[in-house]
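K.L.:
Pasting a structure here, questions to come.
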Amino acid sequence: MSEFGSTYEHVVQKQNDSAMKRKKILLWTLIVLSAAGLLWLGLSLEFFPVALGIVIIGGFVAVLYMRRFSRINYEYQLFEDTAVFSEILGNAARRQMISFEIRKCERIAPLADEKWARFAEEYPAEVVYSALSSPDAENVYFAAFEGEKGKKTLVYFEMTARALRLFRAANPQAVVMRAIPE
């Protein structure tokens, strides 16, 4: 495939939607209330220095945990005939979500097109992955294929013009072309 030079990578940052913000507020509220309760218990039972130490260590761990899971990036990598979607947590930990052979896809199409949105909705997917920056992102495409152990799989992602050309080069029968700005 001459279209493929080396690897193509694209990263999108997940936007904090209202549900994520509510979860963060709830978690921080629980952390603060737990710390206050532990300090009050330490004062009333006369082991305040121990309680203070536990609160400081627990607060440090909570900040590290929140930092790691509050910034999520999705990385798309395209190799010769393989697409790899990974989740990067807090710019520190990478976790591969899914990897599949592009030539085995039944369909790679835009969700903006009503016909293909209906196809994705009716596709009997057992496993669904989303690597979108937000639910209302632009140039959302899906890839429908039979994944591991024969499970029908759908992956939603944000397409770029170059990635579209690479997908098309790997599986021209399955890719639905649509103009995407460079």
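All residue names refer to the structure tokens as shown: chains lettered A, B, ... in order, residues numbered from 1 in each chain, ligands numbered from 1 in order.
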Just list as number ranges by chain whatever in chain A DSSP marks as strand (DSSP E or B).
P.N.:
A: 8-13, 72-78, 82-89, 93-101, 105-110, 127-131, 140-146, 152-158, 175
K.L.:
Would you list the contacts of Ala125 in chain A as a VMD selection string, taking every protein, DNA or RNA residue within 9 Å and counting only C-alpha atoms, but skipping same-chain residues closer than 2 positions in sequence?
P.N.:
chain A and resid 120 to 123 127 to 128 144 to 146 151 to 154
K.L.:
Just write the chosen residues, all heavy atoms, as a compact mmCIF listing (two decimals), in the first residue's frame.
P.N.:
```txt
# COMPACT_ATOMS: atom_id res chain seq x y z
N ALA A 120 -25.60 1.98 11.88
CA ALA A 120 -24.88 1.81 13.14
C ALA A 120 -25.84 1.49 14.28
O ALA A 120 -25.54 0.67 15.15
CB ALA A 120 -24.08 3.06 13.47
N GLU A 121 -27.00 2.12 14.27
CA GLU A 121 -27.98 1.90 15.32
C GLU A 121 -28.54 0.48 15.27
O GLU A 121 -28.78 -0.15 16.29
CB GLU A 121 -29.11 2.91 15.16
CG GLU A 121 -30.10 2.93 16.30
CD GLU A 121 -31.12 4.02 16.11
OE1 GLU A 121 -30.72 5.19 16.01
OE2 GLU A 121 -32.32 3.70 16.04
N GLU A 122 -28.73 -0.03 14.07
CA GLU A 122 -29.32 -1.36 13.89
C GLU A 122 -28.28 -2.47 13.87
O GLU A 122 -28.64 -3.65 13.90
CB GLU A 122 -30.14 -1.39 12.60
CG GLU A 122 -31.34 -0.48 12.64
CD GLU A 122 -32.05 -0.35 11.29
OE1 GLU A 122 -31.55 -0.94 10.29
OE2 GLU A 122 -33.07 0.36 11.24
N TYR A 123 -27.02 -2.12 13.82
CA TYR A 123 -25.95 -3.13 13.79
C TYR A 123 -25.98 -3.93 15.09
O TYR A 123 -26.03 -3.35 16.19
CB TYR A 123 -24.59 -2.44 13.61
CG TYR A 123 -23.46 -3.38 13.34
CD1 TYR A 123 -23.31 -3.98 12.10
CD2 TYR A 123 -22.53 -3.68 14.33
CE1 TYR A 123 -22.27 -4.86 11.84
CE2 TYR A 123 -21.48 -4.54 14.08
CZ TYR A 123 -21.35 -5.12 12.83
OH TYR A 123 -20.31 -5.98 12.59
N VAL A 127 -20.23 -5.37 21.46
CA VAL A 127 -19.24 -4.53 22.12
C VAL A 127 -19.19 -3.19 21.38
O VAL A 127 -19.11 -3.15 20.15
CB VAL A 127 -17.83 -5.18 22.09
CG1 VAL A 127 -16.83 -4.33 22.83
CG2 VAL A 127 -17.87 -6.58 22.67
N VAL A 128 -19.25 -2.07 22.15
CA VAL A 128 -19.21 -0.74 21.56
C VAL A 128 -18.13 0.08 22.27
O VAL A 128 -18.08 0.12 23.50
CB VAL A 128 -20.57 -0.02 21.69
CG1 VAL A 128 -20.49 1.39 21.13
CG2 VAL A 128 -21.66 -0.82 21.00
N ALA A 144 -17.57 -0.83 11.83
CA ALA A 144 -18.32 -2.01 12.22
C ALA A 144 -17.58 -3.25 11.73
O ALA A 144 -17.25 -3.34 10.55
CB ALA A 144 -19.73 -1.96 11.63
N PHE A 145 -17.31 -4.18 12.63
CA PHE A 145 -16.53 -5.36 12.26
C PHE A 145 -16.78 -6.47 13.27
O PHE A 145 -17.36 -6.25 14.33
CB PHE A 145 -15.04 -5.04 12.20
CG PHE A 145 -14.48 -4.49 13.48
CD1 PHE A 145 -13.88 -5.32 14.41
CD2 PHE A 145 -14.55 -3.14 13.75
CE1 PHE A 145 -13.37 -4.81 15.59
CE2 PHE A 145 -14.04 -2.62 14.92
CZ PHE A 145 -13.45 -3.46 15.85
N GLU A 146 -16.33 -7.65 12.90
CA GLU A 146 -16.39 -8.79 13.81
C GLU A 146 -15.07 -8.83 14.55
O GLU A 146 -14.01 -9.02 13.97
CB GLU A 146 -16.62 -10.08 13.02
CG GLU A 146 -16.98 -11.24 13.90
CD GLU A 146 -17.45 -12.43 13.10
OE1 GLU A 146 -18.42 -12.28 12.33
OE2 GLU A 146 -16.82 -13.50 13.24
N LYS A 151 -17.29 -11.56 18.19
CA LYS A 151 -18.26 -10.59 18.68
C LYS A 151 -18.36 -9.41 17.72
O LYS A 151 -17.35 -8.83 17.32
CB LYS A 151 -17.86 -10.08 20.07
CG LYS A 151 -17.96 -11.12 21.14
CD LYS A 151 -17.66 -10.53 22.50
CE LYS A 151 -17.83 -11.57 23.58
NZ LYS A 151 -17.61 -11.01 24.92
N LYS A 152 -19.58 -9.05 17.36
CA LYS A 152 -19.81 -7.88 16.53
C LYS A 152 -19.42 -6.65 17.34
O LYS A 152 -19.81 -6.50 18.49
CB LYS A 152 -21.28 -7.79 16.12
CG LYS A 152 -21.76 -8.94 15.27
CD LYS A 152 -21.37 -8.74 13.85
CE LYS A 152 -22.02 -9.79 12.98
NZ LYS A 152 -21.75 -9.61 11.59
N THR A 153 -18.63 -5.76 16.72
CA THR A 153 -18.06 -4.63 17.43
C THR A 153 -18.27 -3.34 16.65
O THR A 153 -18.19 -3.34 15.42
CB THR A 153 -16.55 -4.85 17.66
OG1 THR A 153 -16.36 -6.10 18.33
CG2 THR A 153 -15.94 -3.75 18.48
N LEU A 154 -18.53 -2.25 17.37
CA LEU A 154 -18.62 -0.91 16.80
C LEU A 154 -17.62 -0.02 17.52
O LEU A 154 -17.51 -0.07 18.74
CB LEU A 154 -20.01 -0.31 17.02
CG LEU A 154 -21.06 -0.50 15.94
CD1 LEU A 154 -22.38 0.11 16.39
CD2 LEU A 154 -20.64 0.06 14.62
```
K.L.:
Env of Tyr65 in chain A: 12 Å cut, atoms = only C-alpha atoms, seq-sep filter 5 positions within chain, self excluded. Answer as a ChimeraX atom specification.
P.N.:
/A:24,27-28,31,58-60,70-71,89-90,92-93
K.L.:
With all heavy atoms kept, could you save the residues just selected as an mmCIF file, in the first residue's frame?
P.N.:
```cif
data_model
loop_
_atom_site.group_PDB
_atom_site.id
_atom_site.type_symbol
_atom_site.label_atom_id
_atom_site.label_comp_id
_atom_site.auth_asym_id
_atom_site.auth_seq_id
_atom_site.Cartn_x
_atom_site.Cartn_y
_atom_site.Cartn_z
ATOM 1 N N LYS A 24 -17.006 14.521 39.368
ATOM 2 C CA LYS A 24 -15.845 15.131 40.030
ATOM 3 C C LYS A 24 -16.268 15.873 41.289
ATOM 4 O O LYS A 24 -15.622 15.761 42.339
ATOM 5 C CB LYS A 24 -15.139 16.097 39.084
ATOM 6 C CG LYS A 24 -14.311 15.440 38.037
ATOM 7 C CD LYS A 24 -13.626 16.510 37.196
ATOM 8 C CE LYS A 24 -12.866 15.925 36.051
ATOM 9 N NZ LYS A 24 -12.228 16.967 35.240
ATOM 10 N N LEU A 27 -17.154 13.366 43.986
ATOM 11 C CA LEU A 27 -15.961 12.718 44.527
ATOM 12 C C LEU A 27 -15.192 13.661 45.451
ATOM 13 O O LEU A 27 -14.769 13.266 46.538
ATOM 14 C CB LEU A 27 -15.063 12.218 43.399
ATOM 15 C CG LEU A 27 -13.877 11.358 43.811
ATOM 16 C CD1 LEU A 27 -14.330 10.150 44.613
ATOM 17 C CD2 LEU A 27 -13.112 10.906 42.597
ATOM 18 N N TRP A 28 -15.000 14.926 45.042
ATOM 19 C CA TRP A 28 -14.302 15.892 45.892
ATOM 20 C C TRP A 28 -15.080 16.149 47.179
ATOM 21 O O TRP A 28 -14.486 16.303 48.259
ATOM 22 C CB TRP A 28 -14.032 17.197 45.153
ATOM 23 C CG TRP A 28 -12.811 17.124 44.290
ATOM 24 C CD1 TRP A 28 -12.758 17.177 42.938
ATOM 25 C CD2 TRP A 28 -11.461 16.955 44.733
ATOM 26 N NE1 TRP A 28 -11.456 17.045 42.507
ATOM 27 C CE2 TRP A 28 -10.636 16.913 43.583
ATOM 28 C CE3 TRP A 28 -10.862 16.817 45.977
ATOM 29 C CZ2 TRP A 28 -9.265 16.749 43.645
ATOM 30 C CZ3 TRP A 28 -9.479 16.651 46.038
ATOM 31 C CH2 TRP A 28 -8.698 16.622 44.885
ATOM 32 N N ILE A 31 -14.425 13.261 49.458
ATOM 33 C CA ILE A 31 -13.060 13.332 49.993
ATOM 34 C C ILE A 31 -12.983 14.338 51.134
ATOM 35 O O ILE A 31 -12.427 14.057 52.205
ATOM 36 C CB ILE A 31 -12.057 13.665 48.872
ATOM 37 C CG1 ILE A 31 -11.913 12.480 47.918
ATOM 38 C CG2 ILE A 31 -10.696 14.066 49.444
ATOM 39 C CD1 ILE A 31 -11.152 12.789 46.651
ATOM 40 N N GLY A 58 -3.913 10.567 52.457
ATOM 41 C CA GLY A 58 -5.115 10.295 51.665
ATOM 42 C C GLY A 58 -5.407 11.416 50.678
ATOM 43 O O GLY A 58 -5.812 11.160 49.535
ATOM 44 N N GLY A 59 -5.197 12.659 51.095
ATOM 45 C CA GLY A 59 -5.401 13.796 50.189
ATOM 46 C C GLY A 59 -4.426 13.768 49.024
ATOM 47 O O GLY A 59 -4.802 14.048 47.878
ATOM 48 N N PHE A 60 -3.181 13.424 49.294
ATOM 49 C CA PHE A 60 -2.176 13.327 48.240
ATOM 50 C C PHE A 60 -2.551 12.241 47.233
ATOM 51 O O PHE A 60 -2.490 12.449 46.020
ATOM 52 C CB PHE A 60 -0.807 13.033 48.867
ATOM 53 C CG PHE A 60 0.306 12.929 47.871
ATOM 54 C CD1 PHE A 60 0.788 14.060 47.223
ATOM 55 C CD2 PHE A 60 0.877 11.694 47.581
ATOM 56 C CE1 PHE A 60 1.818 13.969 46.301
ATOM 57 C CE2 PHE A 60 1.901 11.586 46.652
ATOM 58 C CZ PHE A 60 2.372 12.718 46.019
ATOM 59 N N SER A 70 -8.907 12.585 35.314
ATOM 60 C CA SER A 70 -9.677 13.753 34.886
ATOM 61 C C SER A 70 -9.240 14.244 33.507
ATOM 62 O O SER A 70 -9.972 14.977 32.866
ATOM 63 C CB SER A 70 -9.551 14.885 35.902
ATOM 64 O OG SER A 70 -8.221 15.334 35.973
ATOM 65 N N ARG A 71 -8.061 13.845 33.042
ATOM 66 C CA ARG A 71 -7.602 14.202 31.693
ATOM 67 C C ARG A 71 -7.452 12.927 30.876
ATOM 68 O O ARG A 71 -6.527 12.151 31.079
ATOM 69 C CB ARG A 71 -6.269 14.945 31.754
ATOM 70 C CG ARG A 71 -6.415 16.385 32.176
ATOM 71 C CD ARG A 71 -5.110 17.080 32.072
ATOM 72 N NE ARG A 71 -4.241 16.501 33.117
ATOM 73 C CZ ARG A 71 -2.938 16.645 33.161
ATOM 74 N NH1 ARG A 71 -2.331 17.335 32.251
ATOM 75 N NH2 ARG A 71 -2.239 16.110 34.123
ATOM 76 N N LEU A 89 -4.489 8.128 30.019
ATOM 77 C CA LEU A 89 -5.024 8.684 31.261
ATOM 78 C C LEU A 89 -4.010 9.617 31.899
ATOM 79 O O LEU A 89 -2.907 9.203 32.244
ATOM 80 C CB LEU A 89 -5.375 7.556 32.234
ATOM 81 C CG LEU A 89 -6.327 6.495 31.684
ATOM 82 C CD1 LEU A 89 -6.449 5.343 32.661
ATOM 83 C CD2 LEU A 89 -7.671 7.100 31.396
ATOM 84 N N GLY A 90 -4.389 10.883 32.069
ATOM 85 C CA GLY A 90 -3.535 11.853 32.740
ATOM 86 C C GLY A 90 -2.179 12.033 32.116
ATOM 87 O O GLY A 90 -1.220 12.338 32.811
ATOM 88 N N ALA A 92 -0.130 9.968 31.372
ATOM 89 C CA ALA A 92 0.844 9.098 32.012
ATOM 90 C C ALA A 92 0.663 7.634 31.659
ATOM 91 O O ALA A 92 1.634 6.933 31.401
ATOM 92 C CB ALA A 92 0.765 9.269 33.532
ATOM 93 N N ALA A 93 -0.556 7.158 31.652
ATOM 94 C CA ALA A 93 -0.804 5.727 31.438
ATOM 95 C C ALA A 93 -1.574 5.509 30.147
ATOM 96 O O ALA A 93 -2.578 6.160 29.893
ATOM 97 C CB ALA A 93 -1.589 5.158 32.612
#
```
K.L.:
Give me, please, the distance in Å between CA of Leu132 in chain A and CA of Met159 in chain A, quoted to one decimal.
P.N.:
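CA of Met159 in chain A lies at a distance of 9.9 Å from CA of Leu132 in chain A.
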K.L.:
Using DSSP on the backbone coordinates, identify all residues within range 38-173 of chain A classified as alpha helix (DSSP H); present the result as number ranges by chain.
P.N.:
A: 38-44, 48-70, 114-122, 161-170
K.L.:
Have a look at A:Ile54, A:Glu114, A:Cys105, A:Glu75 and name the one nearest to Glu9 in chain A; count only C-alpha atoms.
P.N.:
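Checking each of A:Ile54, A:Glu114, A:Cys105, A:Glu75 against Glu9 in chain A, counting only C-alpha atoms, the winner is A:Glu75.
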K.L.:
Which neighbours of Ala35 in chain A fall inside 10 Å, counting only C-alpha atoms, when residues of the same chain fewer than 2 positions from it are skipped, and could you give them as a ChimeraX atom specification?
P.N.:
/A:29-33,37-41,51-52,54-56,58-59
K.L.:
Please list as a list in words every residue within 6 Å of range 82-86 of chain A, counting only C-alpha atoms and excluding residues in the same chain fewer than 2 positions away.
P.N.:
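The filter keeps Tyr74, Glu75, Tyr76, Gln77, Leu78, Phe79, Glu80, Arg95, Gln96, Met97, Ile98, Ser99, Phe100, Glu101 and Ile102 of chain A.
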K.L.:
If I take CA of Ala19 in chain A and CA of Ser133 in chain A, how far is one from the other in Å, to one decimal?
P.N.:
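Going from CA of Ala19 in chain A over to CA of Ser133 in chain A covers 14.1 Å.
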K.L.:
Find the residues near Tyr156 in chain A: any atom within 10 Å, counting only C-alpha atoms, skip ones fewer than 4 places away on the same chain, and give them as a VMD selection string.
P.N.:
chain A and resid 108 to 111 120 128 to 132 140 to 144
K.L.:
How would the residues just picked look written out with N, CA, C and O atoms as a tab-separated table (two decimals), in the first residue's frame?
P.N.:
```
chain	number	residue	atom	x	y	z
A	108	ILE	N	-17.16	1.35	7.31
A	108	ILE	CA	-16.56	2.51	7.97
A	108	ILE	C	-17.25	3.70	7.35
A	108	ILE	O	-17.06	3.99	6.16
A	109	ALA	N	-18.10	4.36	8.13
A	109	ALA	CA	-18.98	5.39	7.55
A	109	ALA	C	-19.24	6.52	8.53
A	109	ALA	O	-19.07	6.37	9.74
A	110	PRO	N	-19.69	7.68	7.99
A	110	PRO	CA	-19.97	8.84	8.84
A	110	PRO	C	-21.33	8.71	9.54
A	110	PRO	O	-22.30	8.24	8.96
A	111	LEU	N	-21.37	9.13	10.79
A	111	LEU	CA	-22.63	9.13	11.53
A	111	LEU	C	-23.53	10.29	11.11
A	111	LEU	O	-24.73	10.25	11.34
A	120	ALA	N	-25.60	1.98	11.88
A	120	ALA	CA	-24.88	1.81	13.14
A	120	ALA	C	-25.84	1.49	14.28
A	120	ALA	O	-25.54	0.67	15.15
A	128	VAL	N	-19.25	-2.07	22.15
A	128	VAL	CA	-19.21	-0.74	21.56
A	128	VAL	C	-18.13	0.08	22.27
A	128	VAL	O	-18.08	0.12	23.50
A	129	TYR	N	-17.26	0.70	21.47
A	129	TYR	CA	-16.21	1.57	21.99
A	129	TYR	C	-16.45	2.98	21.48
A	129	TYR	O	-16.86	3.17	20.34
A	130	SER	N	-16.17	3.96	22.33
A	130	SER	CA	-16.27	5.35	21.92
A	130	SER	C	-14.95	6.04	22.21
A	130	SER	O	-14.48	6.04	23.35
A	131	ALA	N	-14.36	6.62	21.17
A	131	ALA	CA	-13.11	7.37	21.32
A	131	ALA	C	-13.35	8.79	20.82
A	131	ALA	O	-12.59	9.33	20.04
A	132	LEU	N	-14.44	9.38	21.30
A	132	LEU	CA	-14.85	10.71	20.87
A	132	LEU	C	-14.48	11.75	21.93
A	132	LEU	O	-14.56	11.47	23.12
A	140	VAL	N	-17.64	12.53	12.99
A	140	VAL	CA	-17.73	11.26	13.70
A	140	VAL	C	-18.00	10.14	12.70
A	140	VAL	O	-18.93	10.22	11.90
A	141	TYR	N	-17.18	9.12	12.76
A	141	TYR	CA	-17.32	7.93	11.93
A	141	TYR	C	-17.46	6.73	12.86
A	141	TYR	O	-17.15	6.81	14.05
A	142	PHE	N	-17.89	5.63	12.30
A	142	PHE	CA	-17.90	4.39	13.03
A	142	PHE	C	-17.26	3.30	12.17
A	142	PHE	O	-17.28	3.39	10.94
A	143	ALA	N	-16.70	2.32	12.83
A	143	ALA	CA	-16.19	1.13	12.15
A	143	ALA	C	-16.95	-0.06	12.72
A	143	ALA	O	-17.02	-0.24	13.93
A	144	ALA	N	-17.57	-0.83	11.83
A	144	ALA	CA	-18.32	-2.01	12.22
A	144	ALA	C	-17.58	-3.25	11.73
A	144	ALA	O	-17.25	-3.34	10.55
```
K.L.:
Quick one, how far is CA of Arg103 in chain A from CA of Glu138 in chain A?
P.N.:
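Those two atoms sit 24.6 Å apart.
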K.L.:
At a cut-off of 9 Å, using only C-alpha atoms, what residues contact Gln173 in chain A? Leave out same-chain residues fewer than 4 positions from it and give the result as an MDAnalysis selection string.
P.N.:
chainID A and resid 103 106:107 168
K.L.:
Point out the residue among A:Ile57, A:Val175, A:Leu45, A:Met66 with the least atom-to-atom distance to Ile25 in chain A, counting only C-alpha atoms.
P.N.:
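Of A:Ile57, A:Val175, A:Leu45, A:Met66, the one nearest Ile25 in chain A, counting only C-alpha atoms, is A:Met66.
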K.L.:
Using only C-alpha atoms, which residue out of A:Ala36, A:Ala163, A:Ala137, A:Leu64 lies closest to Phe48 in chain A?
P.N.:
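Checking each candidate against Phe48 in chain A, we get A:Ala36 as the closest.
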